[in-house]
file final_37.pdb (PDB, C-alpha atoms (C1' of nucleotides))
ATOM      1  CA  MET A 118       0.000   0.000   0.000
ATOM      2  CA  PRO A 119       1.441   3.387  -1.040
ATOM      3  CA  VAL A 120       2.986   5.531   1.667
ATOM      4  CA  ASP A 121       1.591   8.944   0.737
ATOM      5  CA  THR A 122      -1.992  10.132   0.548
ATOM      6  CA  VAL A 123      -2.138  11.233  -3.075
ATOM      7  CA  THR A 124      -0.557   8.033  -4.381
ATOM      8  CA  LEU A 125      -2.965   6.020  -2.252
ATOM      9  CA  ALA A 126      -5.946   7.891  -3.696
ATOM     10  CA  ARG A 127      -4.850   6.892  -7.205
ATOM     11  CA  TYR A 128      -3.997   3.366  -6.098
ATOM     12  CA  LEU A 129      -7.472   2.769  -4.687
ATOM     13  CA  VAL A 130      -9.216   3.433  -8.015
ATOM     14  CA  GLY A 131     -10.034   0.007  -9.438
ATOM     15  CA  LYS A 132      -9.708  -1.826  -6.104
ATOM     16  CA  THR A 133     -12.759  -3.270  -4.394
ATOM     17  CA  LEU A 134     -14.566  -2.280  -1.212
ATOM     18  CA  VAL A 135     -16.553  -5.053   0.440
ATOM     19  CA  HIS A 136     -18.885  -5.166   3.439
ATOM     20  CA  ASP A 137     -19.727  -8.547   4.925
ATOM     21  CA  LEU A 138     -23.207  -8.297   6.401
ATOM     22  CA  PRO A 139     -24.660 -10.946   8.737
ATOM     23  CA  ARG A 140     -26.391 -12.835   5.939
ATOM     24  CA  SER A 141     -24.728 -11.637   2.751
ATOM     25  CA  ARG A 142     -22.066  -9.535   1.126
ATOM     26  CA  VAL A 143     -22.200  -6.203  -0.700
ATOM     27  CA  GLY A 144     -19.380  -4.592  -2.596
ATOM     28  CA  GLY A 145     -18.021  -3.036  -5.713
ATOM     29  CA  ARG A 146     -15.178  -1.445  -7.593
ATOM     30  CA  ILE A 147     -13.911   1.947  -6.452
ATOM     31  CA  VAL A 148     -14.120   4.317  -9.431
ATOM     32  CA  GLU A 149     -13.616   7.708  -7.744
ATOM     33  CA  THR A 150     -11.571   9.004  -4.800
ATOM     34  CA  GLU A 151     -10.356  12.272  -3.316
ATOM     35  CA  ALA A 152      -7.071  12.832  -1.475
ATOM     36  CA  TYR A 153      -6.878  14.966   1.702
ATOM     37  CA  PRO A 154      -3.125  15.024   2.369
ATOM     38  CA  VAL A 155      -1.167  16.394   5.316
ATOM     39  CA  GLY A 156      -1.309  20.196   5.472
ATOM     40  CA  ASP A 157      -4.429  20.455   3.297
ATOM     41  CA  ALA A 158      -6.687  23.151   4.769
ATOM     42  CA  ALA A 159      -9.752  21.380   3.337
ATOM     43  CA  GLY A 160      -9.009  18.170   5.235
ATOM     44  CA  HIS A 161     -10.668  17.246   8.499
ATOM     45  CA  ALA A 162      -7.255  16.534  10.032
ATOM     46  CA  PHE A 163      -5.920  20.028   9.346
ATOM     47  CA  ARG A 164      -6.767  21.517  12.753
ATOM     48  CA  GLY A 165      -5.422  18.569  14.688
ATOM     49  CA  GLN A 166      -6.901  15.495  16.285
ATOM     50  CA  THR A 167     -10.351  15.628  17.917
ATOM     51  CA  PRO A 168     -12.744  12.889  19.050
ATOM     52  CA  ARG A 169     -14.547  13.121  15.732
ATOM     53  CA  ASN A 170     -11.571  12.742  13.401
ATOM     54  CA  ARG A 171      -9.324  10.501  15.479
ATOM     55  CA  SER A 172      -9.497   7.626  12.954
ATOM     56  CA  LEU A 173      -7.737   9.806  10.375
ATOM     57  CA  PHE A 174      -4.694   9.565  12.631
ATOM     58  CA  LEU A 175      -4.608   5.754  12.697
ATOM     59  CA  GLU A 176      -2.041   3.859  10.636
ATOM     60  CA  ARG A 177      -2.878   3.970   6.898
ATOM     61  CA  GLY A 178      -5.615   1.577   5.844
ATOM     62  CA  HIS A 179      -8.140   2.213   8.633
ATOM     63  CA  ALA A 180     -11.711   3.406   8.144
ATOM     64  CA  TYR A 181     -12.608   7.004   8.976
ATOM     65  CA  ILE A 182     -16.375   7.365   8.798
ATOM     66  CA  TYR A 183     -18.075  10.659   9.556
ATOM     67  CA  PHE A 184     -21.575  12.063   9.446
ATOM     68  CA  ALA A 185     -22.185  15.044   7.140
ATOM     69  CA  TYR A 186     -25.073  17.450   6.654
ATOM     70  CA  GLY A 187     -27.287  15.706   9.150
ATOM     71  CA  SER A 188     -28.009  12.751   6.878
ATOM     72  CA  CYS A 189     -25.001  11.226   5.147
ATOM     73  CA  TRP A 190     -22.208   8.914   6.192
ATOM     74  CA  CYS A 191     -18.957   9.346   4.294
ATOM     75  CA  THR A 192     -16.341   6.602   4.000
ATOM     76  CA  ASN A 193     -12.606   7.329   4.035
ATOM     77  CA  VAL A 194      -9.336   5.402   4.272
ATOM     78  CA  SER A 195      -6.650   6.778   6.594
ATOM     79  CA  SER A 196      -3.512   7.336   4.575
ATOM     80  CA  GLU A 197      -0.547   8.285   6.766
ATOM     81  CA  THR A 198       1.475   6.705   9.510
ATOM     82  CA  CYS A 199       0.091   6.423  13.045
ATOM     83  CA  GLY A 200      -0.260   9.864  14.649
ATOM     84  CA  VAL A 201      -0.277  11.788  11.357
ATOM     85  CA  GLY A 202      -3.638  12.870   9.935
ATOM     86  CA  GLY A 203      -4.557  12.241   6.292
ATOM     87  CA  GLY A 204      -7.230  10.429   4.348
ATOM     88  CA  VAL A 205      -8.787   9.353   1.080
ATOM     89  CA  LEU A 206     -12.513   9.851   0.589
ATOM     90  CA  ILE A 207     -14.213   7.049  -1.366
ATOM     91  CA  ARG A 208     -16.640   8.940  -3.583
ATOM     92  CA  ALA A 209     -18.151   6.370  -5.917
ATOM     93  CA  LEU A 210     -18.439   2.651  -6.499
ATOM     94  CA  GLU A 211     -19.338   0.447  -9.442
ATOM     95  CA  PRO A 212     -21.720  -2.041  -7.763
ATOM     96  CA  LEU A 213     -20.665  -5.656  -8.269
ATOM     97  CA  GLU A 214     -21.864  -7.891  -5.457
ATOM     98  CA  GLY A 215     -25.169  -7.876  -3.558
ATOM     99  CA  ILE A 216     -26.746  -5.410  -5.945
ATOM    100  CA  ALA A 217     -30.312  -6.401  -5.053
ATOM    101  CA  LEU A 218     -29.623  -5.811  -1.363
ATOM    102  CA  MET A 219     -27.944  -2.466  -2.062
ATOM    103  CA  ARG A 220     -30.981  -1.400  -4.044
ATOM    104  CA  ARG A 221     -33.089  -2.179  -0.991
ATOM    105  CA  HIS A 222     -30.781  -0.113   1.236
ATOM    106  CA  ARG A 223     -31.237   2.828  -1.111
ATOM    107  CA  ALA A 224     -34.892   2.232  -2.092
ATOM    108  CA  LEU A 225     -33.956   2.951  -5.665
ATOM    109  CA  SER A 226     -33.844   1.088  -8.946
ATOM    110  CA  ARG A 227     -31.317   2.828 -11.184
ATOM    111  CA  LEU A 228     -28.006   0.995 -11.067
ATOM    112  CA  PHE A 229     -25.987   4.055 -12.044
ATOM    113  CA  ASP A 230     -27.250   6.055  -9.042
ATOM    114  CA  LEU A 231     -26.770   3.280  -6.500
ATOM    115  CA  ALA A 232     -23.295   4.262  -5.268
ATOM    116  CA  ARG A 233     -22.601   7.505  -7.137
ATOM    117  CA  GLY A 234     -21.522   9.868  -4.324
ATOM    118  CA  PRO A 235     -19.963   9.345  -0.873
ATOM    119  CA  GLY A 236     -23.247   9.401   1.038
ATOM    120  CA  ARG A 237     -24.999   7.200  -1.492
ATOM    121  CA  LEU A 238     -22.317   4.516  -1.536
ATOM    122  CA  SER A 239     -22.225   4.429   2.263
ATOM    123  CA  ALA A 240     -25.994   4.028   2.392
ATOM    124  CA  ALA A 241     -25.975   1.303  -0.284
ATOM    125  CA  MET A 242     -23.270  -0.615   1.580
ATOM    126  CA  ARG A 243     -24.840   0.015   4.979
ATOM    127  CA  ILE A 244     -21.716   1.765   6.277
ATOM    128  CA  ASP A 245     -22.094   3.887   9.405
ATOM    129  CA  ARG A 246     -20.290   4.922  12.588
ATOM    130  CA  ARG A 247     -20.087   1.328  13.855
ATOM    131  CA  LEU A 248     -17.385   0.644  11.246
ATOM    132  CA  ASP A 249     -15.315   3.716  12.132
ATOM    133  CA  GLY A 250     -11.721   2.842  13.036
ATOM    134  CA  LEU A 251     -11.695  -0.671  11.533
ATOM    135  CA  ASP A 252      -8.556  -1.972   9.858
ATOM    136  CA  LEU A 253      -9.599  -2.350   6.205
ATOM    137  CA  CYS A 254      -6.628  -4.570   5.361
ATOM    138  CA  SER A 255      -6.524  -6.970   8.301
ATOM    139  CA  GLY A 256      -8.632  -9.725   6.771
ATOM    140  CA  ALA A 257     -10.665  -9.876   9.979
ATOM    141  CA  SER A 258     -12.898  -6.818   9.518
ATOM    142  CA  PRO A 259     -16.397  -6.973   8.039
ATOM    143  CA  LEU A 260     -15.435  -3.942   5.925
ATOM    144  CA  TRP A 261     -12.332  -4.485   3.793
ATOM    145  CA  LEU A 262     -10.397  -3.497   0.701
ATOM    146  CA  GLY A 263      -9.825  -6.152  -1.970
ATOM    147  CA  THR A 264      -7.677  -6.495  -5.053
ATOM    148  CA  ALA A 265      -8.779  -5.308  -8.491
ATOM    149  CA  VAL A 266     -11.179  -7.640 -10.301
ATOM    150  CA  ARG A 267     -10.023  -6.440 -13.714
ATOM    151  CA  PRO A 268      -7.404  -4.051 -15.091
ATOM    152  CA  VAL A 269      -8.185  -0.438 -14.276
ATOM    153  CA  GLY A 270      -8.690   2.031 -17.112
ATOM    154  CA  GLU A 271      -7.048   5.419 -17.505
ATOM    155  CA  ILE A 272      -7.129   7.397 -14.260
ATOM    156  CA  ARG A 273      -7.788  11.112 -14.573
ATOM    157  CA  ALA A 274      -7.359  13.918 -12.034
ATOM    158  CA  THR A 275      -9.571  16.948 -11.487
ATOM    159  CA  THR A 276     -10.587  19.333  -8.719
ATOM    160  CA  ARG A 277     -12.378  18.031  -5.639
ATOM    161  CA  ILE A 278     -16.086  18.518  -5.072
ATOM    162  CA  GLY A 279     -17.892  20.744  -2.588
ATOM    163  CA  LEU A 280     -14.917  22.627  -1.139
ATOM    164  CA  SER A 281     -14.396  26.307  -0.440
ATOM    165  CA  ARG A 282     -10.801  26.054   0.757
ATOM    166  CA  GLU A 283      -8.060  24.577  -1.451
ATOM    167  CA  ALA A 284     -10.632  24.276  -4.215
ATOM    168  CA  HIS A 285      -8.070  24.619  -7.000
ATOM    169  CA  ARG A 286      -6.059  21.514  -6.145
ATOM    170  CA  THR A 287      -6.524  18.544  -8.484
ATOM    171  CA  LEU A 288      -6.805  15.779  -5.923
ATOM    172  CA  ARG A 289      -9.870  13.971  -7.220
ATOM    173  CA  PHE A 290      -9.175  10.800  -9.181
ATOM    174  CA  TYR A 291     -11.550   8.750 -11.276
ATOM    175  CA  GLU A 292     -11.566   6.080 -13.931
ATOM    176  CA  ARG A 293     -12.078   7.758 -17.271
ATOM    177  CA  GLY A 294     -15.406   6.979 -18.895
ATOM    178  CA  SER A 295     -16.953   5.219 -15.929
ATOM    179  CA  PRO A 296     -20.701   5.901 -15.773
ATOM    180  CA  PHE A 297     -20.616   5.325 -12.011
ATOM    181  CA  ILE A 298     -18.714   8.454 -10.888
ATOM    182  CA  SER A 299     -20.355  11.389  -9.080
ATOM    183  CA  GLY A 300     -20.588  15.015 -10.054
ATOM    184  CA  PRO A 301     -21.430  16.797 -13.303
ATOM    185  CA  ARG A 302     -21.416  14.560 -16.384
ATOM    186  CA  ARG A 303     -19.175  16.970 -18.292
ATOM    187  CA  LEU A 304     -16.278  15.963 -16.068
ATOM    188  CA  LEU A 305     -16.511  12.349 -17.232
ATOM    189  CA  SER A 306     -14.100  12.501 -20.145
TER     190      SER A 306
ATOM    191  C1'  DA B 133     -25.163  26.984  26.729
ATOM    192  C1'  DG B 134     -25.446  28.953  22.246
ATOM    193  C1'  DT B 135     -23.891  29.422  17.520
ATOM    194  C1'  DG B 136     -22.271  28.325  12.896
ATOM    195  C1'  DC B 137     -21.171  25.244   9.443
ATOM    196  C1'  DG B 138     -20.165  21.598   6.337
ATOM    197  C1'  DA B 139     -15.442  16.294   2.030
ATOM    198  C1'  DT B 140     -24.215  16.036   0.555
ATOM    199  C1'  DT B 141     -28.406  14.752  -1.273
ATOM    200  C1'  DG B 142     -32.932  14.895  -3.374
ATOM    201  C1'  DA B 143     -36.521  17.750  -4.852
ATOM    202  C1'  DC B 144     -37.709  21.229  -7.728
ATOM    203  C1'  DT B 145     -37.651  25.292 -11.768
TER     204       DT B 145
ATOM    205  C1'  DG C 254     -29.470  24.592 -13.423
ATOM    206  C1'  DT C 255     -30.882  26.155  -8.099
ATOM    207  C1'  DC C 256     -31.765  25.405  -3.154
ATOM    208  C1'  DA C 257     -32.910  24.031   1.548
ATOM    209  C1'  DA C 258     -33.104  20.207   5.031
ATOM    210  C1'  DT C 259     -30.623  18.415   8.825
ATOM    211  C1'  DC C 260     -27.556  17.390  13.080
ATOM    212  C1'  DG C 261     -23.119  16.256  15.186
ATOM    213  C1'  DC C 262     -19.258  18.605  16.283
ATOM    214  C1'  DA C 263     -16.022  22.404  17.073
ATOM    215  C1'  DC C 264     -15.627  26.843  18.731
ATOM    216  C1'  DT C 265     -16.741  30.898  21.503
ATOM    217  C1'  DA C 266     -18.381  32.888  25.851
TER     218       DA C 266
END

call {"tool": "encode", "arguments": {"input": "final_37.pdb", "output": "structure tokens"}}
result
Amino acid sequence: MPVDTVTLARYLVGKTLVHDLPRSRVGGRIVETEAYPVGDAAGHAFRGQTPRNRSLFLERGHAYIYFAYGSCWCTNVSSETCGVGGGVLIRALEPLEGIALMRRHRALSRLFDLARGPGRLSAAMRIDRRLDGLDLCSGASPLWLGTAVRPVGEIRATTRIGLSREAHRTLRFYERGSPFISGPRRLLS
DNA sequence: AGTGCGATTGACT
DNA sequence: GTCAATCGCACTA
């Protein structure tokens, strides 16, 4: 696993994210990420460690899950060494496994909208605070990162979504041409 | 104790 | 394309 945040954000595109539920499994291919490296004023770790963001300071590869806008859970991977704050936001997933169950979690039928956006993918995969702080690479967690199921396409970089600070930095990565990424369609190509 | 504000989404024009 | 709901948390007093 790469040792810096930006490289990790690129590396995660094409890998899988899987959640083992009591009776079944849901998961998919990561097609879009955003990097929040050390020293980035837009990152939750920027102002130091607090009870809310403590998982960002765990060794790289742990889950940081936070609640945004009163309704959405967002799923991140910690990306630095223990004690240093940094993370990668998982923004969109190409659904692969347990699609019928994910549709039920989202009460929605369109496959392309199932996991297109950080809050949507967390809802589809039933990810919430209970999974915060888990080691995503240990092999023992119900939420885990898996290897790529097929070769990844061209990875493109653009500006991150929804920020006021550091808005110019191109730290959003996505698989070119994927219909499963979030944001305006014009950014697809 | 009170205030302000999002790493968003879904509904609506 | 625009816009407001919603609430946990950080920050100020």

call {"tool": "atom_distance", "arguments": {"input": "final_37.pdb", "atom1": "CA of Gly279 in chain A", "atom2": "C1' of DA143 in chain B"}}
result
19.0 Å

call {"tool": "interface_residues", "arguments": {"input": "final_37.pdb", "of": "chain A", "to": "chain B", "cutoff": "10 Å", "atoms": "all atoms listed in the file", "output": "PDB file with C-alpha atoms, in the frame of the given file"}}
result
ATOM      1  CA  GLU A 151     -10.356  12.272  -3.316  1.00  0.00           C
ATOM      2  CA  ALA A 152      -7.071  12.832  -1.475  1.00  0.00           C
ATOM      3  CA  TYR A 153      -6.878  14.966   1.702  1.00  0.00           C
ATOM      4  CA  ALA A 159      -9.752  21.380   3.337  1.00  0.00           C
ATOM      5  CA  GLY A 160      -9.009  18.170   5.235  1.00  0.00           C
ATOM      6  CA  HIS A 161     -10.668  17.246   8.499  1.00  0.00           C
ATOM      7  CA  TYR A 183     -18.075  10.659   9.556  1.00  0.00           C
ATOM      8  CA  ALA A 185     -22.185  15.044   7.140  1.00  0.00           C
ATOM      9  CA  TYR A 186     -25.073  17.450   6.654  1.00  0.00           C
ATOM     10  CA  GLY A 187     -27.287  15.706   9.150  1.00  0.00           C
ATOM     11  CA  SER A 188     -28.009  12.751   6.878  1.00  0.00           C
ATOM     12  CA  CYS A 189     -25.001  11.226   5.147  1.00  0.00           C
ATOM     13  CA  TRP A 190     -22.208   8.914   6.192  1.00  0.00           C
ATOM     14  CA  CYS A 191     -18.957   9.346   4.294  1.00  0.00           C
ATOM     15  CA  THR A 192     -16.341   6.602   4.000  1.00  0.00           C
ATOM     16  CA  ASN A 193     -12.606   7.329   4.035  1.00  0.00           C
ATOM     17  CA  VAL A 205      -8.787   9.353   1.080  1.00  0.00           C
ATOM     18  CA  LEU A 206     -12.513   9.851   0.589  1.00  0.00           C
ATOM     19  CA  ILE A 207     -14.213   7.049  -1.366  1.00  0.00           C
ATOM     20  CA  ARG A 208     -16.640   8.940  -3.583  1.00  0.00           C
ATOM     21  CA  GLY A 234     -21.522   9.868  -4.324  1.00  0.00           C
ATOM     22  CA  PRO A 235     -19.963   9.345  -0.873  1.00  0.00           C
ATOM     23  CA  GLY A 236     -23.247   9.401   1.038  1.00  0.00           C
ATOM     24  CA  ARG A 237     -24.999   7.200  -1.492  1.00  0.00           C
ATOM     25  CA  ARG A 277     -12.378  18.031  -5.639  1.00  0.00           C
ATOM     26  CA  ILE A 278     -16.086  18.518  -5.072  1.00  0.00           C
ATOM     27  CA  GLY A 279     -17.892  20.744  -2.588  1.00  0.00           C
ATOM     28  CA  LEU A 280     -14.917  22.627  -1.139  1.00  0.00           C
TER      29      LEU A 280
END

call {"tool": "resolve_selection", "arguments": {"input": "final_37.pdb", "expression": "the PyMOL selection byres ((chain C) within 9 of (chain A))", "output": "ChimeraX atom specification"}}
result
/C:258-263

call {"tool": "atom_distance", "arguments": {"input": "final_37.pdb", "atom1": "CA of Gly165 in chain A", "atom2": "CA of Thr287 in chain A"}}
result
23.2 Å

call {"tool": "atom_distance", "arguments": {"input": "final_37.pdb", "atom1": "CA of Leu125 in chain A", "atom2": "CA of Ser196 in chain A"}}
result
7.0 Å

call {"tool": "residues_around", "arguments": {"input": "final_37.pdb", "residues": "Leu262 in chain A", "least_positions_apart": "2", "cutoff": "6 Å", "atoms": "all atoms listed in the file", "output": "short mmCIF file (atom, residue, chain, number, x, y, z; two decimals) with C-alpha atoms, keeping the file's coordinate frame"}}
result
data_model
loop_
_atom_site.label_atom_id
_atom_site.label_comp_id
_atom_site.auth_asym_id
_atom_site.auth_seq_id
_atom_site.Cartn_x
_atom_site.Cartn_y
_atom_site.Cartn_z
CA THR A 133 -12.76 -3.27 -4.39
CA LEU A 134 -14.57 -2.28 -1.21
CA LEU A 253 -9.60 -2.35 6.20
#

call {"tool": "resolve_selection", "arguments": {"input": "final_37.pdb", "expression": "the PyMOL selection byres ((chain A and resi 131) around 7)", "output": "ChimeraX atom specification"}}
result
/A:129-130,132-133,146-148,265,269

call {"tool": "resolve_selection", "arguments": {"input": "final_37.pdb", "expression": "the PyMOL selection byres ((chain A and resi 197) around 7)", "output": "list in words"}}
result
Val120, Asp121, Thr122, Glu176, Arg177, Ser195, Ser196, Thr198, Cys199, Val201, Gly202 and Gly203 of chain A

call {"tool": "axis_aligned_box", "arguments": {"input": "final_37.pdb", "around": "range 136-141 of chain B", "padding_each_side": "5 Å", "output": "AutoDock Vina command-line options"}}
result
--center_x -21.9 --center_y 21.5 --center_z 5.8 --size_x 23.0 --size_y 23.6 --size_z 24.2

call {"tool": "closest_residue", "arguments": {"input": "final_37.pdb", "among": "A:Pro154, A:Gly250, A:Gly270, A:Pro212", "to": "Ala180 in chain A", "atoms": "only C-alpha atoms"}}
result
A:Gly250
